[in-house]
Structure formats: C-alpha cells, structure tokens
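Coordinates as given in target18.cif (mmCIF, C-alpha atoms and all ligand atoms):
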```cif
data_work
loop_
_atom_site.label_atom_id
_atom_site.label_comp_id
_atom_site.auth_asym_id
_atom_site.auth_seq_id
_atom_site.Cartn_x
_atom_site.Cartn_y
_atom_site.Cartn_z
CA MET A 1 -135.19 -103.23 -10.75
CA ALA A 2 -132.95 -100.17 -10.37
CA VAL A 3 -132.28 -96.90 -12.14
CA LEU A 4 -128.54 -96.71 -12.91
CA SER A 5 -126.37 -93.60 -13.42
CA ILE A 6 -125.61 -92.70 -17.04
CA LEU A 7 -122.04 -91.69 -17.93
CA VAL A 8 -121.57 -88.45 -19.85
CA ALA A 9 -118.94 -87.83 -22.59
CA PRO A 10 -115.97 -87.59 -22.54
CA HIS A 11 -115.94 -90.42 -19.96
CA PRO A 12 -113.18 -92.91 -20.99
CA VAL A 13 -115.47 -95.98 -20.63
CA LEU A 14 -117.60 -94.63 -23.50
CA LYS A 15 -114.58 -95.03 -25.85
CA GLN A 16 -113.86 -98.67 -24.93
CA LYS A 17 -114.97 -101.84 -26.72
CA ALA A 18 -117.41 -104.01 -24.75
CA LYS A 19 -116.90 -107.80 -24.40
CA PRO A 20 -119.40 -110.48 -25.50
CA VAL A 21 -121.42 -112.06 -22.69
CA GLU A 22 -120.81 -115.81 -22.40
CA LYS A 23 -124.44 -116.50 -21.61
CA VAL A 24 -127.54 -114.52 -20.63
CA ASP A 25 -127.61 -115.70 -17.01
CA ALA A 26 -129.34 -114.13 -14.00
CA ARG A 27 -126.75 -111.31 -13.80
CA VAL A 28 -127.18 -110.31 -17.44
CA ALA A 29 -131.00 -110.64 -17.31
CA ARG A 30 -131.01 -108.36 -14.24
CA LEU A 31 -128.72 -105.88 -16.03
CA MET A 32 -131.16 -105.87 -19.00
CA ASP A 33 -134.08 -105.12 -16.64
CA ASP A 34 -132.16 -102.33 -14.88
CA MET A 35 -131.20 -100.85 -18.27
CA VAL A 36 -134.85 -100.84 -19.42
CA GLU A 37 -135.86 -99.04 -16.23
CA THR A 38 -132.96 -96.57 -16.63
CA MET A 39 -133.88 -95.92 -20.31
CA TYR A 40 -137.51 -95.15 -19.35
CA ALA A 41 -136.45 -92.94 -16.41
CA ALA A 42 -134.19 -90.93 -18.77
CA LYS A 43 -136.93 -90.77 -21.46
CA GLY A 44 -134.66 -92.44 -23.99
CA ILE A 45 -135.41 -94.91 -26.78
CA GLY A 46 -132.26 -96.97 -26.29
CA LEU A 47 -129.37 -97.65 -23.91
CA ALA A 48 -126.09 -99.61 -24.09
CA ALA A 49 -124.28 -101.19 -21.12
CA PRO A 50 -121.13 -99.00 -21.46
CA GLN A 51 -123.37 -95.97 -20.82
CA VAL A 52 -123.97 -97.34 -17.32
CA GLY A 53 -120.27 -98.17 -16.88
CA LEU A 54 -120.36 -101.89 -17.80
CA LEU A 55 -118.35 -103.30 -20.71
CA ASP A 56 -120.84 -106.07 -21.57
CA ARG A 57 -122.29 -106.34 -25.12
CA VAL A 58 -125.85 -105.67 -23.99
CA ILE A 59 -128.33 -103.10 -25.34
CA VAL A 60 -132.01 -102.30 -24.85
CA VAL A 61 -134.33 -100.37 -27.19
CA ASP A 62 -137.97 -99.30 -27.21
CA VAL A 63 -139.26 -97.05 -30.01
CA HIS A 64 -142.98 -97.37 -29.21
CA GLU A 65 -145.06 -94.29 -30.07
CA LYS A 66 -146.98 -92.18 -27.53
CA GLY A 67 -150.27 -93.93 -26.72
CA GLU A 68 -148.87 -97.36 -27.76
CA LYS A 69 -147.98 -100.18 -25.37
CA PRO A 70 -144.29 -100.17 -24.26
CA ASN A 71 -142.27 -102.70 -26.26
CA PRO A 72 -138.77 -103.06 -24.77
CA ILE A 73 -136.33 -105.30 -26.67
CA ARG A 74 -133.35 -106.73 -24.77
CA LEU A 75 -130.36 -107.78 -26.89
CA ALA A 76 -127.07 -109.42 -25.85
CA ASN A 77 -124.17 -109.82 -28.32
CA PRO A 78 -126.13 -108.07 -31.12
CA GLU A 79 -124.62 -108.57 -34.59
CA ILE A 80 -125.74 -106.90 -37.80
CA VAL A 81 -125.98 -109.79 -40.30
CA TRP A 82 -127.43 -107.73 -43.17
CA SER A 83 -127.84 -104.03 -43.92
CA SER A 84 -129.53 -102.31 -46.83
CA ASP A 85 -127.61 -100.34 -49.44
CA GLU A 86 -130.28 -97.68 -49.09
CA LYS A 87 -129.38 -95.06 -46.47
CA ALA A 88 -131.52 -92.91 -44.18
CA VAL A 89 -130.68 -89.62 -42.48
CA CYS A 90 -131.95 -89.26 -38.92
CA GLU A 91 -131.57 -86.60 -36.24
CA GLU A 92 -129.85 -88.42 -33.36
CA GLY A 93 -129.44 -87.63 -29.71
CA CYS A 94 -127.64 -89.51 -26.95
CA LEU A 95 -128.22 -89.75 -23.22
CA SER A 96 -124.40 -89.59 -22.82
CA VAL A 97 -124.24 -86.36 -24.90
CA PRO A 98 -127.18 -84.57 -23.24
CA GLU A 99 -129.27 -82.03 -25.14
CA GLN A 100 -127.21 -82.21 -28.34
CA TYR A 101 -128.59 -83.43 -31.67
CA ALA A 102 -127.19 -83.93 -35.16
CA GLU A 103 -128.09 -85.68 -38.41
CA VAL A 104 -126.37 -89.01 -39.04
CA THR A 105 -126.61 -91.15 -42.20
CA ARG A 106 -126.86 -94.92 -41.72
CA PRO A 107 -128.28 -97.98 -43.56
CA LYS A 108 -132.09 -97.65 -43.67
CA ALA A 109 -132.81 -101.30 -42.80
CA ILE A 110 -130.87 -104.02 -40.95
CA ARG A 111 -131.15 -107.63 -39.79
CA VAL A 112 -129.68 -108.30 -36.33
CA ARG A 113 -128.85 -111.63 -34.63
CA TYR A 114 -128.75 -111.58 -30.81
CA LEU A 115 -129.39 -113.49 -27.58
CA ASP A 116 -132.64 -112.58 -25.86
CA GLU A 117 -133.32 -112.41 -22.12
CA GLN A 118 -133.83 -116.21 -22.09
CA ASN A 119 -130.45 -116.83 -23.79
CA GLU A 120 -132.27 -117.86 -27.01
CA ILE A 121 -130.75 -116.88 -30.38
CA ARG A 122 -133.11 -114.57 -32.25
CA GLU A 123 -133.11 -112.41 -35.36
CA ILE A 124 -134.98 -109.17 -35.89
CA GLU A 125 -135.45 -107.10 -39.04
CA ALA A 126 -135.66 -103.39 -38.42
CA ASP A 127 -136.09 -100.22 -40.41
CA GLY A 128 -136.84 -96.58 -39.66
CA MET A 129 -136.21 -95.38 -36.09
CA LEU A 130 -135.72 -98.92 -34.74
CA ALA A 131 -132.90 -99.56 -37.25
CA THR A 132 -131.28 -96.21 -36.44
CA CYS A 133 -131.54 -96.78 -32.69
CA ILE A 134 -130.11 -100.34 -32.80
CA GLN A 135 -127.15 -99.14 -34.93
CA HIS A 136 -126.54 -96.23 -32.51
CA GLU A 137 -126.55 -98.65 -29.55
CA ILE A 138 -124.25 -101.20 -31.26
CA ASP A 139 -121.86 -98.29 -31.93
CA HIS A 140 -121.75 -97.70 -28.15
CA LEU A 141 -120.56 -101.33 -27.73
CA ASN A 142 -117.63 -100.47 -30.03
CA GLY A 143 -116.76 -97.21 -28.28
CA VAL A 144 -118.33 -95.05 -31.01
CA LEU A 145 -120.60 -92.05 -30.32
CA PHE A 146 -122.88 -90.36 -32.88
CA VAL A 147 -120.62 -87.28 -32.75
CA ASP A 148 -117.82 -89.43 -34.24
CA TYR A 149 -119.71 -89.24 -37.58
CA LEU A 150 -119.48 -85.43 -37.59
CA SER A 151 -116.62 -83.17 -38.67
CA SER A 152 -114.04 -82.60 -35.93
CA LEU A 153 -115.20 -78.98 -35.79
CA LYS A 154 -118.83 -79.93 -35.03
CA ARG A 155 -117.80 -82.78 -32.71
CA ASN A 156 -115.52 -80.58 -30.61
CA MET A 157 -118.15 -77.85 -30.43
CA ILE A 158 -120.73 -80.33 -29.09
CA LEU A 159 -118.31 -81.95 -26.62
CA ARG A 160 -117.23 -78.53 -25.31
CA LYS A 161 -120.90 -77.60 -24.74
CA VAL A 162 -121.52 -80.87 -22.86
CA GLN A 163 -118.48 -80.29 -20.62
CA LYS A 164 -119.57 -76.70 -19.98
CA GLN A 165 -123.09 -77.90 -19.01
CA ALA A 166 -121.56 -80.48 -16.66
CA ARG A 167 -119.56 -77.73 -14.89
CA THR A 168 -122.55 -75.36 -14.59
CA PRO A 169 -124.62 -75.95 -11.44
CA ALA A 170 -128.36 -76.56 -12.22
O1 LIG B 1 -128.04 -94.33 -26.70
C1 LIG B 1 -128.64 -93.42 -26.18
O2 LIG B 1 -128.04 -92.56 -25.60
C2 LIG B 1 -130.14 -93.32 -26.28
C3 LIG B 1 -130.59 -92.44 -27.42
C4 LIG B 1 -130.99 -93.33 -28.59
C5 LIG B 1 -131.16 -92.67 -29.92
C6 LIG B 1 -131.92 -91.53 -30.10
C7 LIG B 1 -132.07 -90.98 -31.37
C8 LIG B 1 -131.48 -91.60 -32.44
C9 LIG B 1 -130.71 -92.72 -32.26
C10 LIG B 1 -130.56 -93.27 -30.99
C11 LIG B 1 -131.75 -91.60 -26.93
O3 LIG B 1 -132.75 -92.13 -26.55
S1 LIG B 1 -131.58 -89.89 -26.98
C12 LIG B 1 -133.11 -89.24 -26.37
C13 LIG B 1 -134.30 -89.44 -27.26
O4 LIG B 1 -135.28 -89.96 -26.79
C14 LIG B 1 -134.34 -89.03 -28.68
C15 LIG B 1 -133.50 -88.07 -29.22
C16 LIG B 1 -133.56 -87.72 -30.56
C17 LIG B 1 -134.50 -88.31 -31.38
C18 LIG B 1 -135.36 -89.26 -30.84
C19 LIG B 1 -135.29 -89.60 -29.49
ZN ZN B 2 -126.19 -92.91 -27.26
#
```

As structure tokens, how would this structure be written, given the file I've shared?
Ligand code: K1U
Ligand code: ZN
Amino acid sequence: MAVLSILVAPHPVLKQKAKPVEKVDARVARLMDDMVETMYAAKGIGLAAPQVGLLDRVIVVDVHEKGEKPNPIRLANPEIVWSSDEKAVCEEGCLSVPEQYAEVTRPKAIRVRYLDEQNEIREIEADGMLATCIQHEIDHLNGVLFVDYLSSLKRNMILRKVQKQARTPA
C-alpha cells in the first residue's frame, strides 16, 4: 500500500466531476487500499479519489472512535438512494481545506448503494457522523467542497487563508 499526496484547494481537479468505475478490478481495489492508508496517515475520517488527483467515483470512510477497532469502508460508485427529511448540523473539516472548519446542514440519515472492494453491490444505512462523512465524500465526487455551502464571504475568507498557509514556509 502507499500514502498518496492530497490536493489542496483551489486545485482545479477538486472542482471536476468524477467518472463511474466500470468494475472494481485490481486497479480500483489497490486505489481503495492506498486511499485507506492515506486517510489514516492524514488522520482523516474520509477521503475521495479526486483528493488524490484521480477522477474515479471511489471513496473511503472510517468513523471508528478512539479505542475501537478500525473499520474502513470502501465504496465505488456510491449513490444516495434515500435521505431523511430530518437534518443535522455538523462541524466539518476537509483534508483539502486544511485546518478550516465550519458548520454544514445535511440530511441526518441516508441509505447508500455502492460496489464494495469485491465488486459486490451493497447497501448501507448511515446516520450521525458516518452519514455526514459519506455525504461530504460524495460531494467531492461531484466537485463540491464543504465551503460551497457557506456564504461567498465566508468561503472566500477560508480559501484565502488556505492559500496563504500554502505560501508560508513551515
Ligand atoms: O474529505 C475529507 O477531506 C476528509 C474529512 C472528512 C470529514 C470530516 C468532518 C466532517 C465531514 C467529513 C476529514 O477527515 S477532515 C479531518 C477530521 O478528521 C475531522 C475534522 C472535523 C471533524 C471531524 C473530523
Ligand atoms: Zn473533504
């Protein structure tokens, strides 16, 4: 497995729409493994393929709590087939918008259909942080970042800070 580089906004790939994978073959399964390793190395709870520069509809998530066993979920071509009318507000972050956080309102619970790492069709029902994280990652596949839900004033402030950080040597 390999740790991949994560693109930072405003990289143009982060605004593009990813393409469905035809099949979860050895290439896609390897990409899923590399993305899980990259997510853990970056201390994230999710990652989408466009964040590592690939326009494949592939995401990984793991919202296990401290002290619990890791529980990575690998999803190709994820599709939300049901979402609750009830909404939840959650403070979101993004590995492509480092060190910036903001509250986003989304459906509280969802049902998602996807292909797993063995190319089997599966469905998962999620609520709480898992539902928020899966929705955030599916947004990445459609070129949407969490800052796109904010006012243009807040969004531009955050993006300017990220660009300033990127220019400042560590
Ligand atoms: O997509 C990503 O960049 C990963 C992102 C996922 C995410 C975090 C929070 C809400 C929705 C989606 C991260 O993992 S950011 C880093 C992180 O671990 C984190 C940040 C804020 C709250 C909880 C976790
Ligand atoms: Zn993100």

Size and centre in Å, one decimal, axis-aligned box, all listed ligand LIG 1 (chain B) atoms plus 5 Å per side, as JSON:
```
{"center_x": -131.7, "center_y": -91.0, "center_z": -29.0, "size_x": 17.3, "size_y": 16.6, "size_z": 16.8}
```

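If only C-alpha atoms and all ligand atoms are the atoms counted, then among A:Lys23, A:Lys87, A:Arg122, A:Lys15 the closest residue to ligand ZN 2 (chain B) is A:Lys15.
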
Which residue of A:Lys154, A:Arg106, A:Arg167, A:His136 approaches ligand LIG 1 (chain B) most closely, using all atoms listed in the file: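 With all atoms listed in the file as the atom set, the closest residue is A:His136.
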
Show me a table, sorted first by chain and then by increasing residue number, of the residues of chain A having an atom at most 9 Å from ligand ZN 2 (chain B), each with its shortest atom pair and the distance in Å to one decimal, counting only C-alpha atoms and all ligand atoms and written as a tab-separated table.
```
residue	atom	partner	partner_atom	distance
A:Gly46	CA	B:ZN2	ZN	7.4
A:Leu47	CA	B:ZN2	ZN	6.6
A:Ala48	CA	B:ZN2	ZN	7.4
A:Gln51	CA	B:ZN2	ZN	7.7
A:Glu92	CA	B:ZN2	ZN	8.4
A:Gly93	CA	B:ZN2	ZN	6.7
A:Cys94	CA	B:ZN2	ZN	3.7
A:Leu95	CA	B:ZN2	ZN	5.5
A:Ser96	CA	B:ZN2	ZN	5.8
A:Val97	CA	B:ZN2	ZN	7.2
A:Cys133	CA	B:ZN2	ZN	8.5
A:His136	CA	B:ZN2	ZN	6.2
A:Glu137	CA	B:ZN2	ZN	6.2
A:Asp139	CA	B:ZN2	ZN	8.3
A:His140	CA	B:ZN2	ZN	6.6
A:Val144	CA	B:ZN2	ZN	9.0
A:Leu145	CA	B:ZN2	ZN	6.4
A:Phe146	CA	B:ZN2	ZN	7.0
```

For a quick check of understanding, using all atoms listed in the file, which of A:Asp34, A:Glu68, A:Asp127, A:Glu79 has the smallest distance to Val112 of chain A?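 Checking each of A:Asp34, A:Glu68, A:Asp127, A:Glu79 against Val112 of chain A, counting all atoms listed in the file, the winner is A:Glu79.
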
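Atom CA of Lys164 of chain A lies 28.9 Å from atom CA of Ile134 of chain A.
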